[in-house]
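> Just one file: model_11.txt, with compact mmCIF, C-alpha atoms.
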```txt
# COMPACT_ATOMS: atom_id res chain seq x y z
CA MET A 20 -2.99 25.12 19.42
CA ASN A 21 0.14 27.20 18.95
CA ILE A 22 -0.26 28.73 15.50
CA SER A 23 3.11 30.48 15.25
CA ALA A 24 4.87 28.23 12.76
CA SER A 25 8.34 27.08 13.70
CA GLN A 26 11.15 26.27 11.31
CA SER A 27 13.93 25.49 13.75
CA ALA A 28 15.40 22.02 14.08
CA LEU A 29 16.35 22.97 17.63
CA ASP A 30 12.73 23.86 18.50
CA PHE A 31 11.89 20.20 18.13
CA ALA A 32 8.39 18.77 18.05
CA GLY A 33 9.18 15.28 16.81
CA LYS A 34 11.36 12.35 17.83
CA GLY A 35 13.68 12.68 14.84
CA ALA A 36 14.30 16.39 15.41
CA GLU A 37 14.85 15.77 19.12
CA ARG A 38 17.63 13.28 18.36
CA ILE A 39 19.12 15.67 15.78
CA ALA A 40 19.12 18.47 18.36
CA GLU A 41 20.83 16.16 20.89
CA LEU A 42 23.43 15.27 18.27
CA PHE A 43 23.95 18.95 17.46
CA TYR A 44 24.68 19.79 21.10
CA TRP A 45 27.05 16.83 21.52
CA MET A 46 28.85 17.75 18.29
CA THR A 47 29.17 21.33 19.46
CA GLY A 48 30.63 20.03 22.73
CA GLY A 49 33.04 17.77 20.84
CA ALA A 50 34.12 20.63 18.57
CA ILE A 51 34.76 22.80 21.63
CA VAL A 52 36.90 20.06 23.22
CA ILE A 53 38.99 19.69 20.06
CA TRP A 54 39.30 23.45 19.64
CA ILE A 55 40.39 24.01 23.23
CA VAL A 56 42.98 21.22 23.11
CA VAL A 57 44.47 22.21 19.73
CA ILE A 58 44.38 25.98 20.18
CA GLY A 59 45.36 25.67 23.85
CA LEU A 60 48.47 23.72 22.94
CA ALA A 61 49.29 26.13 20.09
CA VAL A 62 49.01 29.11 22.44
CA TYR A 63 51.07 27.26 25.07
CA ALA A 64 53.75 26.55 22.45
CA VAL A 65 53.93 30.23 21.51
CA MET A 66 53.85 31.58 25.06
CA SER A 67 56.03 29.07 26.86
CA ARG A 68 59.65 30.18 27.13
CA ARG A 69 61.19 27.23 28.92
CA ALA A 70 62.67 24.28 27.05
CA HIS A 71 60.77 20.98 27.09
CA PRO A 72 62.08 17.45 26.71
CA VAL A 73 61.82 16.35 23.06
CA ARG A 74 59.79 13.28 24.00
CA MET A 75 57.24 15.44 25.82
CA THR A 76 56.83 17.84 22.88
CA HIS A 77 56.25 14.85 20.58
CA TRP A 78 53.52 13.55 22.84
CA LEU A 79 51.91 16.98 23.15
CA VAL A 80 51.82 17.38 19.37
CA ILE A 81 50.65 13.83 18.60
CA GLY A 82 48.33 13.62 21.59
CA GLY A 83 46.76 17.06 21.25
CA GLY A 84 46.83 17.30 17.48
CA ALA A 85 45.84 13.76 16.52
CA VAL A 86 44.93 11.35 19.30
CA ILE A 87 42.44 13.44 21.28
CA PRO A 88 40.65 14.77 18.14
CA THR A 89 40.49 11.24 16.72
CA ILE A 90 39.05 9.79 19.94
CA THR A 91 36.53 12.64 20.15
CA LEU A 92 35.48 12.23 16.50
CA THR A 93 35.18 8.45 16.92
CA ALA A 94 32.92 8.93 19.93
CA LEU A 95 30.75 11.44 18.03
CA LEU A 96 30.57 9.24 14.94
CA SER A 97 29.55 6.21 16.99
CA TYR A 98 26.96 8.24 18.86
CA GLY A 99 25.49 9.64 15.63
CA LEU A 100 25.46 6.32 13.80
CA ALA A 101 23.85 4.54 16.77
CA MET A 102 20.82 6.83 16.35
CA LEU A 103 20.20 5.86 12.76
CA PRO A 104 18.62 2.38 13.04
CA GLU A 105 15.75 3.69 15.17
CA LEU A 106 15.24 6.82 13.03
CA GLN A 107 15.41 4.93 9.74
CA GLU A 108 13.04 2.18 10.81
CA PRO A 109 9.78 2.19 8.82
CA ALA A 110 6.61 3.20 10.66
CA PRO A 111 4.61 0.20 11.93
CA LYS A 112 2.07 -1.30 9.54
CA GLY A 113 -1.25 0.50 9.70
CA SER A 114 0.35 3.88 10.35
CA THR A 115 -0.84 6.89 8.40
CA THR A 116 0.93 6.85 5.04
CA ILE A 117 1.32 10.00 2.96
CA GLU A 118 2.68 10.26 -0.56
CA VAL A 119 4.26 13.60 -1.33
CA ALA A 120 5.54 14.58 -4.77
CA GLY A 121 7.73 17.61 -5.28
CA VAL A 122 6.70 19.69 -8.29
CA ARG A 123 8.39 22.95 -9.23
CA TRP A 124 7.47 24.77 -6.91
CA TRP A 125 4.77 23.17 -4.83
CA TRP A 126 3.83 19.88 -3.17
CA ARG A 127 1.28 17.29 -4.32
CA VAL A 128 0.03 15.43 -1.23
CA ASN A 129 -1.89 12.14 -1.23
CA TYR A 130 -3.07 10.48 1.97
CA LEU A 131 -3.32 6.75 1.36
CA ASP A 132 -6.71 5.46 2.42
CA PRO A 133 -6.54 1.98 4.07
CA SER A 134 -9.15 0.90 1.48
CA GLY A 135 -6.67 1.67 -1.29
CA GLY A 136 -7.89 5.11 -2.33
CA ARG A 137 -6.10 8.42 -2.18
CA ILE A 138 -7.16 11.62 -0.48
CA VAL A 139 -5.64 14.45 -2.45
CA THR A 140 -4.53 17.82 -1.16
CA ALA A 141 -1.58 20.15 -1.69
CA ASN A 142 0.94 22.33 0.11
CA GLU A 143 -0.38 21.50 3.55
CA ILE A 144 0.04 18.39 5.67
CA TYR A 145 -1.90 17.45 8.78
CA LEU A 146 -0.38 14.90 11.13
CA PRO A 147 -1.70 13.23 14.29
CA VAL A 148 0.37 13.89 17.41
CA ASP A 149 2.21 10.99 19.08
CA GLN A 150 1.71 8.72 16.07
CA PRO A 151 4.41 7.57 13.64
CA VAL A 152 3.72 8.58 10.06
CA GLU A 153 5.26 7.05 6.96
CA PHE A 154 6.05 9.35 4.01
CA LYS A 155 6.64 8.09 0.50
CA LEU A 156 8.47 10.79 -1.38
CA THR A 157 9.11 11.33 -5.05
CA SER A 158 9.49 14.12 -7.58
CA GLU A 159 7.71 14.90 -10.81
CA ASP A 160 10.52 16.96 -12.36
CA VAL A 161 13.88 17.73 -10.72
CA ILE A 162 15.48 16.69 -7.43
CA HIS A 163 13.79 18.28 -4.43
CA SER A 164 14.30 17.61 -0.74
CA PHE A 165 11.54 17.21 1.83
CA TRP A 166 12.28 18.77 5.19
CA ILE A 167 10.19 19.67 8.21
CA PRO A 168 12.98 20.91 10.51
CA SER A 169 10.94 20.79 13.71
CA LEU A 170 9.88 17.20 13.15
CA GLY A 171 12.89 15.36 11.77
CA GLY A 172 15.57 14.94 9.17
CA LYS A 173 15.35 15.69 5.48
CA ILE A 174 15.47 13.38 2.52
CA ASP A 175 15.83 13.90 -1.22
CA MET A 176 12.89 13.48 -3.59
CA VAL A 177 14.29 11.96 -6.75
CA PRO A 178 12.40 11.61 -10.06
CA GLY A 179 11.72 7.96 -10.85
CA ARG A 180 12.24 6.60 -7.37
CA THR A 181 10.38 6.61 -4.08
CA ASN A 182 12.24 7.44 -0.89
CA ARG A 183 10.66 6.86 2.48
CA LEU A 184 10.79 8.82 5.70
CA LYS A 185 9.27 8.20 9.10
CA LEU A 186 8.27 11.15 11.25
CA HIS A 187 6.85 11.00 14.75
CA PRO A 188 5.41 14.32 15.94
CA THR A 189 5.36 14.75 19.70
CA ARG A 190 3.85 18.22 20.07
CA GLU A 191 0.82 19.91 18.56
CA GLY A 192 1.37 23.07 16.56
CA VAL A 193 1.98 24.53 13.12
CA PHE A 194 5.38 24.02 11.56
CA HIS A 195 7.10 25.06 8.36
CA GLY A 196 8.24 22.56 5.78
CA VAL A 197 10.67 23.51 3.04
CA CYS A 198 12.41 22.23 -0.04
CA ALA A 199 16.03 21.74 1.02
CA GLU A 200 17.56 21.06 -2.41
CA PHE A 201 17.99 23.92 -4.86
CA CYS A 202 15.46 23.25 -7.59
CA GLY A 203 15.24 26.45 -9.63
CA GLU A 204 14.02 30.00 -9.60
CA ALA A 205 11.36 29.75 -6.89
CA HIS A 206 13.17 27.17 -4.75
CA ALA A 207 13.16 29.43 -1.70
CA GLN A 208 9.39 29.79 -2.09
CA MET A 209 8.67 26.08 -2.26
CA ARG A 210 7.32 25.72 1.24
CA PHE A 211 4.43 24.10 3.04
CA ARG A 212 2.71 24.16 6.39
CA VAL A 213 2.46 21.19 8.70
CA VAL A 214 -0.33 21.09 11.26
CA VAL A 215 0.05 18.59 14.08
CA THR A 216 -3.22 17.98 15.90
CA ASP A 217 -4.73 15.41 18.23
CA GLN A 218 -6.04 12.22 16.66
CA ASN A 219 -9.71 13.28 16.68
CA ALA A 220 -9.04 16.58 14.93
CA PHE A 221 -6.84 14.78 12.42
CA ASP A 222 -9.52 12.17 11.67
CA GLU A 223 -12.09 14.93 11.25
CA TRP A 224 -9.81 16.88 8.91
CA LEU A 225 -9.04 13.80 6.83
CA GLU A 226 -12.73 12.95 6.58
CA THR A 227 -13.41 16.48 5.31
CA GLN A 228 -10.58 16.26 2.80
CA SER A 229 -11.94 13.01 1.43
CA GLN A 230 -15.21 14.71 0.50
CA ALA A 231 -15.92 16.67 -2.66
CA SER A 232 -16.37 20.41 -2.23
CA LYS A 233 -19.79 21.54 -1.12
CA SER A 234 -21.51 23.86 -3.52
CA SER A 235 -24.20 26.42 -2.89
CA SER A 236 -26.11 28.91 -4.93
CA GLU A 237 -23.81 31.69 -3.67
CA MET A 238 -20.86 29.84 -5.13
CA ALA A 239 -22.38 29.27 -8.58
CA GLU A 240 -21.09 32.51 -10.08
CA GLY A 241 -17.56 31.91 -8.81
CA GLU A 242 -17.57 28.33 -10.00
CA ALA A 243 -18.71 29.38 -13.46
CA MET A 244 -15.98 31.99 -13.62
CA PHE A 245 -13.38 29.48 -12.41
CA LEU A 246 -14.38 27.14 -15.24
CA SER A 247 -14.79 29.75 -17.96
CA ARG A 248 -11.49 31.51 -17.21
CA GLY A 249 -9.56 28.31 -17.79
CA CYS A 250 -8.51 27.68 -14.18
CA SER A 251 -9.87 24.14 -14.47
CA ALA A 252 -7.28 23.30 -17.12
CA CYS A 253 -4.69 23.13 -14.34
CA HIS A 254 -6.63 22.72 -11.08
CA THR A 255 -9.01 20.10 -9.78
CA ILE A 256 -11.97 20.92 -7.59
CA ARG A 257 -13.73 17.67 -6.78
CA GLY A 258 -17.47 18.03 -7.09
CA THR A 259 -17.13 20.24 -10.16
CA SER A 260 -15.97 19.58 -13.70
CA ALA A 261 -12.56 21.11 -12.91
CA ASP A 262 -10.12 18.23 -13.18
CA GLY A 263 -6.74 19.70 -14.21
CA MET A 264 -3.70 17.98 -12.79
CA VAL A 265 -0.95 20.47 -13.66
CA GLY A 266 -1.42 22.59 -10.55
CA PRO A 267 -2.47 21.95 -6.95
CA ASP A 268 -5.84 20.39 -6.10
CA LEU A 269 -8.03 23.21 -4.79
CA THR A 270 -11.00 21.18 -3.50
CA HIS A 271 -10.66 22.50 0.07
CA PHE A 272 -8.54 25.52 -0.74
CA GLY A 273 -10.46 27.82 1.62
CA SER A 274 -9.48 25.74 4.66
CA ARG A 275 -5.74 26.02 3.99
CA LEU A 276 -3.48 28.26 6.01
CA SER A 277 -1.40 29.52 3.12
CA ILE A 278 -1.39 30.07 -0.63
CA ALA A 279 1.29 29.76 -3.32
CA ALA A 280 2.94 26.83 -1.46
CA GLY A 281 3.42 28.45 1.91
CA VAL A 282 4.41 31.86 0.57
CA LEU A 283 1.45 33.99 1.71
CA ASP A 284 -1.13 33.61 4.45
CA ASN A 285 -4.47 32.57 3.03
CA THR A 286 -6.34 35.86 3.26
CA PRO A 287 -8.68 37.41 0.67
CA GLN A 288 -6.24 40.30 0.10
CA ASN A 289 -3.30 37.97 -0.50
CA LEU A 290 -5.35 35.74 -2.78
CA ALA A 291 -6.47 38.73 -4.87
CA ARG A 292 -2.84 39.81 -5.18
CA TRP A 293 -1.76 36.29 -6.13
CA LEU A 294 -4.35 36.07 -8.93
CA VAL A 295 -3.28 39.26 -10.69
CA ASP A 296 0.42 39.50 -9.75
CA THR A 297 1.41 35.85 -9.69
CA HIS A 298 4.98 36.37 -10.84
CA GLY A 299 5.47 39.34 -8.57
CA VAL A 300 4.66 37.11 -5.61
CA LYS A 301 6.52 34.04 -6.83
CA PRO A 302 8.90 34.59 -9.76
CA GLY A 303 9.15 31.67 -12.13
CA VAL A 304 5.85 30.04 -11.21
CA GLU A 305 4.01 28.43 -14.12
CA MET A 306 0.61 29.87 -13.25
CA PRO A 307 -0.08 32.91 -15.43
CA ALA A 308 -1.09 36.22 -13.89
CA PHE A 309 -4.76 37.00 -14.61
CA GLU A 310 -4.23 40.70 -15.15
CA SER A 311 -7.21 40.90 -17.46
CA LEU A 312 -9.65 40.15 -14.64
CA SER A 313 -11.69 43.12 -13.47
CA GLY A 314 -11.75 43.97 -9.77
CA GLU A 315 -15.23 42.55 -9.49
CA GLU A 316 -14.20 39.29 -11.15
CA VAL A 317 -11.23 38.95 -8.83
CA ASP A 318 -13.53 39.45 -5.84
CA THR A 319 -15.90 36.79 -7.15
CA LEU A 320 -13.08 34.28 -7.60
CA VAL A 321 -11.62 35.11 -4.18
CA ARG A 322 -15.02 34.60 -2.52
CA TYR A 323 -15.51 31.31 -4.35
CA LEU A 324 -12.08 29.91 -3.52
CA GLY A 325 -12.41 31.03 0.08
CA ALA A 326 -15.72 29.20 0.33
CA LEU A 327 -14.09 25.88 -0.63
CA GLN A 328 -13.87 24.68 2.96
CA MET B 18 64.29 -1.13 -1.71
CA LYS B 19 63.91 2.43 -3.00
CA ILE B 20 60.40 3.83 -3.04
CA LYS B 21 58.88 6.24 -5.53
CA LEU B 22 56.37 8.98 -4.97
CA TRP B 23 53.60 6.55 -5.95
CA TRP B 24 54.15 4.74 -2.67
CA LEU B 25 52.32 7.58 -0.90
CA THR B 26 49.10 6.77 -2.73
CA PHE B 27 48.86 3.07 -1.91
CA SER B 28 47.25 3.30 1.55
CA PRO B 29 44.74 6.01 0.55
CA LEU B 30 43.89 3.90 -2.51
CA CYS B 31 43.13 0.95 -0.22
CA TRP B 32 40.84 3.23 1.79
CA ALA B 33 39.14 4.50 -1.39
CA GLY B 34 38.77 0.95 -2.73
CA HIS B 35 37.27 -0.23 0.57
CA PHE B 36 34.86 2.72 0.60
CA LEU B 37 33.72 2.13 -2.97
CA ALA B 38 33.41 -1.64 -2.60
CA SER B 39 31.43 -1.28 0.63
CA TYR B 40 28.97 1.27 -0.65
CA LEU B 41 28.52 -0.24 -4.10
CA THR B 42 27.89 -3.68 -2.62
CA THR B 43 25.38 -2.21 -0.18
CA ALA B 44 23.61 -0.10 -2.80
CA ILE B 45 23.21 -3.01 -5.21
CA TYR B 46 22.26 -5.55 -2.54
CA CYS B 47 19.75 -3.28 -0.81
CA ALA B 48 18.19 -2.16 -4.11
CA LYS B 49 18.01 -5.56 -5.78
CA PHE B 50 18.17 -8.41 -3.30
CA ALA B 51 17.20 -7.30 0.22
CA SER B 52 14.12 -8.80 1.87
CA PRO B 53 11.20 -6.52 2.76
CA GLU B 54 12.56 -6.42 6.33
CA GLY B 55 15.77 -5.09 4.83
CA ASP B 56 18.09 -7.55 6.59
CA ALA B 57 21.63 -6.57 5.60
CA LEU B 58 23.60 -9.48 7.08
CA PRO B 59 25.17 -10.58 3.75
CA VAL B 60 26.34 -7.00 3.16
CA ARG B 61 27.81 -6.78 6.64
CA ILE B 62 29.73 -10.01 6.10
CA ALA B 63 31.01 -8.73 2.75
CA VAL B 64 32.11 -5.43 4.32
CA ALA B 65 33.85 -7.33 7.13
CA VAL B 66 35.87 -9.21 4.48
CA PHE B 67 36.63 -5.96 2.59
CA THR B 68 37.74 -4.39 5.87
CA ILE B 69 40.10 -7.25 6.76
CA VAL B 70 41.66 -7.11 3.28
CA ALA B 71 41.97 -3.31 3.30
CA LEU B 72 43.42 -3.12 6.82
CA SER B 73 45.89 -5.92 6.04
CA LEU B 74 47.16 -4.04 2.99
CA ILE B 75 47.27 -0.71 4.84
CA THR B 76 49.17 -2.34 7.71
CA PHE B 77 51.63 -3.84 5.21
CA PHE B 78 52.24 -0.44 3.56
CA GLY B 79 52.45 1.26 6.97
CA VAL B 80 55.00 -1.17 8.37
CA ARG B 81 57.13 -1.01 5.20
CA SER B 82 56.97 2.78 5.33
CA LEU B 83 58.07 2.80 8.97
CA ARG B 84 61.05 0.61 8.13
CA LEU B 85 62.00 2.89 5.24
CA HIS B 86 61.70 5.91 7.47
CA ARG B 87 64.02 4.36 10.09
CA ARG B 88 66.66 3.41 7.54
CA GLY B 89 69.65 5.72 7.03
CA ASP B 90 71.14 8.55 9.04
CA ALA B 91 69.58 11.61 7.40
CA THR B 92 68.43 14.03 10.05
CA LEU B 93 65.24 16.07 10.33
CA PRO B 94 63.60 17.81 8.55
CA HIS B 95 64.60 15.59 5.61
CA ASP B 96 64.65 18.41 3.09
CA ASP B 97 68.15 18.00 1.70
CA ASP B 98 68.52 17.03 -1.93
CA THR B 99 69.80 13.54 -1.14
CA VAL B 100 68.40 10.06 -1.67
CA ASP B 101 68.56 9.36 2.06
CA ASP B 102 66.49 12.42 2.91
CA GLU B 103 64.01 11.69 0.15
CA GLN B 104 63.53 8.11 1.28
CA ARG B 105 63.15 8.96 4.95
CA PHE B 106 60.68 11.72 4.11
CA LEU B 107 58.61 9.51 1.81
CA GLY B 108 58.61 6.73 4.39
CA PHE B 109 57.38 9.07 7.13
CA ALA B 110 54.71 10.70 4.93
CA ALA B 111 53.52 7.27 3.76
CA LEU B 112 53.35 6.07 7.37
CA LEU B 113 51.15 9.01 8.38
CA LEU B 114 48.91 8.42 5.36
CA ALA B 115 48.65 4.73 6.28
CA ILE B 116 47.53 5.65 9.81
CA LEU B 117 44.98 8.11 8.39
CA SER B 118 43.74 5.53 5.87
CA GLY B 119 43.43 2.87 8.58
CA ILE B 120 41.30 5.14 10.77
CA ALA B 121 39.15 6.18 7.80
CA THR B 122 38.64 2.54 6.81
CA LEU B 123 37.53 1.72 10.36
CA TYR B 124 35.13 4.69 10.28
CA THR B 125 33.61 3.34 7.06
CA ALA B 126 33.27 -0.12 8.61
CA LEU B 127 31.69 1.36 11.75
CA VAL B 128 28.64 2.36 9.69
CA PHE B 129 28.03 -1.29 8.91
CA VAL B 130 28.58 -2.39 12.50
CA LEU B 131 25.82 -0.06 13.70
CA MET B 132 23.43 -0.26 10.72
CA GLU B 133 21.79 -3.67 10.74
CA THR B 134 19.27 -3.17 7.95
CA CYS B 135 18.96 -1.56 4.53
CA HIS B 136 16.39 0.98 5.80
```
So, in terms of structure tokens, how does the structure I just supplied come out?

Amino acid sequence: MNISASQSALDFAGKGAERIAELFYWMTGGAIVIWIVVIGLAVYAVMSRRAHPVRMTHWLVIGGGAVIPTITLTALLSYGLAMLPELQEPAPKGSTTIEVAGVRWWWRVNYLDPSGGRIVTANEIYLPVDQPVEFKLTSEDVIHSFWIPSLGGKIDMVPGRTNRLKLHPTREGVFHGVCAEFCGEAHAQMRFRVVVTDQNAFDEWLETQSQASKSSSEMAEGEAMFLSRGCSACHTIRGTSADGMVGPDLTHFGSRLSIAAGVLDNTPQNLARWLVDTHGVKPGVEMPAFESLSGEEVDTLVRYLGALQ
Amino acid sequence: MKIKLWWLTFSPLCWAGHFLASYLTTAIYCAKFASPEGDALPVRIAVAVFTIVALSLITFFGVRSLRLHRRGDATLPHDDDTVDDEQRFLGFAALLLAILSGIATLYTALVFVLMETCH
């Protein structure tokens, strides 16, 4: 799997992004046509020294300045609009359905189980390749916008309503997702990773996510510290008594690629930094910095969180 | 007939009215009345009616503007402080705005030609 995450709509890995890239190139071509005609005629008017029949000059101005641009724009508009029905169509029934809620400044992710349950995760989305996926998108506070440039178009997440989006990944890899609507101080750091895998790997991942965290005797100290330091007031770790809903679910935190909603790679060093310098990493974030933790306590928490696979 | 400056606004107002009527009708229908399949046929019929009305009005204003522009003997560029120049200028400007409004109205309608559902 290619692990270098892409964030370019032109480096497409999904049907929606592919059509958007096509549209971009056609629009660029159309803009060049209009520019050449209009500027070409303007330059010709300045440079030409011979007199022209009045009728001809009228046709050059109207034709070059209005008719050709209008025809070009009409063609581009028709081409762009003709794409929409297919892109806007809902995913077929039985497709993977994912609820994503934007929260300043992270992403609450629920995979809808066919049996009616929800498999909860955060800030990371796995998708099966070559399968349409239906997203149901909302917001818990302000307007956000959900965008995975390499996979498709973006759509607003509006408090109080659910918008839907169909994506159809066509290539395996890791891709960046972003919030595309300014939503406050840490807007630029409201990101997530998208991992597109084959169906088997996706099923395996989803099965793992549906389980509670595994505990072991080595994790007992970290778990106790997590609970006693108040982390559980905001975070849930299924399989423990931590059931806070304010912050991201951390049940399988150790298996995630990034921390702080896509801001830092998930490494022990970055996690230690995040715990004690939260606002230095992500200004405005609601999580307090745990500056009072000793180095040893930080290491214990980092080991514990990393073990939540 | 002598026209006032207001005449310039009539065609763009038809375009704006068509735009608002089309999108408000669609938003309300799709949010409140559409079937789960999202069939938007009633909306498309409504927009077709709005488009016929809007284009008829824009054509009327455009043709009247053309006639006003052709009346009189004032010569280009119609910037003398005379009634003739004023009327020919207003007629020409209103004609161009009518053409622009007609194209814009067709662009709005094109969305509904190509979008068959509320999705």
> Under the rule of at most 10 Å, produce a per-residue listing of chain A near chain B: chain, number, name, the closest pair of atoms, and the distance in Å, as a tab-separated table, using all atoms listed in the file.

```
residue	atom	partner	partner_atom	distance
A:Ala85	CA	B:Leu117	CA	9.9
A:Thr89	CA	B:Ile120	CA	8.6
A:Leu92	CA	B:Tyr124	CA	9.8
A:Thr93	CA	B:Tyr124	CA	7.6
A:Leu96	CA	B:Tyr124	CA	8.0
A:Ser97	CA	B:Leu127	CA	7.5
A:Tyr98	CA	B:Leu131	CA	9.8
A:Gly99	CA	B:Leu131	CA	9.9
A:Leu100	CA	B:Leu131	CA	6.4
A:Ala101	CA	B:Leu131	CA	5.9
A:Met102	CA	B:Leu131	CA	8.9
A:Leu103	CA	B:Met132	CA	7.2
A:Pro104	CA	B:Met132	CA	6.0
A:Glu105	CA	B:Met132	CA	9.7
A:Leu106	CA	B:His136	CA	9.4
A:Gln107	CA	B:His136	CA	5.7
A:Glu108	CA	B:His136	CA	6.1
A:Pro109	CA	B:His136	CA	7.4
A:Arg183	CA	B:His136	CA	8.9
A:Leu184	CA	B:His136	CA	9.6
```
> So how many Å separate CA of Cys253 in chain A and CA of Gly266 in chain A, to one decimal?
5.0 Å
> How many Å separate CA of Val57 in chain A from CA of Thr26 in chain B?
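So the answer is 27.6 Å.
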> Which residues are near range 69-81 of chain B? Cut-off 12 Å, only C-alpha atoms, ignore same chain within fewer than 2 positions. Put them as a PyMOL selection string.
chain B and resi 18-20+23-39+62-67+83-88+104-105+107-126
> Counting only C-alpha atoms, what is within 10 Å of His163 in chain A, bar same-chain residues fewer than 3 positions away, as a ChimeraX atom specification?
/A:120-124,156-160,166,174-178,197-203,206,209
> Export C-alpha atoms of the chosen residues as a short mmCIF file (atom, residue, chain, number, x, y, z; two decimals), keeping the file's coordinate frame?

```cif
data_model
loop_
_atom_site.label_atom_id
_atom_site.label_comp_id
_atom_site.auth_asym_id
_atom_site.auth_seq_id
_atom_site.Cartn_x
_atom_site.Cartn_y
_atom_site.Cartn_z
CA ALA A 120 5.54 14.58 -4.77
CA GLY A 121 7.73 17.61 -5.28
CA VAL A 122 6.70 19.69 -8.29
CA ARG A 123 8.39 22.95 -9.23
CA TRP A 124 7.47 24.77 -6.91
CA LEU A 156 8.47 10.79 -1.38
CA THR A 157 9.11 11.33 -5.05
CA SER A 158 9.49 14.12 -7.58
CA GLU A 159 7.71 14.90 -10.81
CA ASP A 160 10.52 16.96 -12.36
CA TRP A 166 12.28 18.77 5.19
CA ILE A 174 15.47 13.38 2.52
CA ASP A 175 15.83 13.90 -1.22
CA MET A 176 12.89 13.48 -3.59
CA VAL A 177 14.29 11.96 -6.75
CA PRO A 178 12.40 11.61 -10.06
CA VAL A 197 10.67 23.51 3.04
CA CYS A 198 12.41 22.23 -0.04
CA ALA A 199 16.03 21.74 1.02
CA GLU A 200 17.56 21.06 -2.41
CA PHE A 201 17.99 23.92 -4.86
CA CYS A 202 15.46 23.25 -7.59
CA GLY A 203 15.24 26.45 -9.63
CA HIS A 206 13.17 27.17 -4.75
CA MET A 209 8.67 26.08 -2.26
#
```
> Just the number, please: distance in Å from CA of Phe165 in chain A to CA of Arg61 in chain B, one decimal.
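That distance, rounded to one decimal, is 29.4 Å.
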> Excluding range 33-36 of chain A and its own-chain neighbours fewer than 3 positions away, which residues fall within 6 Å of it when counting all atoms listed in the file? Please give them as number ranges by chain.
A: 28, 39, 169-171, 187-189
> Give the answer as one residue: which of A:Leu60, A:Ile278, A:Leu320, A:Ile138 has the shortest atom-to-atom distance to Arg210 in chain A, using only C-alpha atoms?
A:Ile278
> Give me the residues within 12 Å of Ser311 in chain A as a list in words, counting all atoms listed in the file and dropping any in the same chain fewer than 5 places off.
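Using all atoms listed in the file, the neighbours found are Arg248, Leu294, Val295, Asp296, Glu316 and Val317 of chain A.
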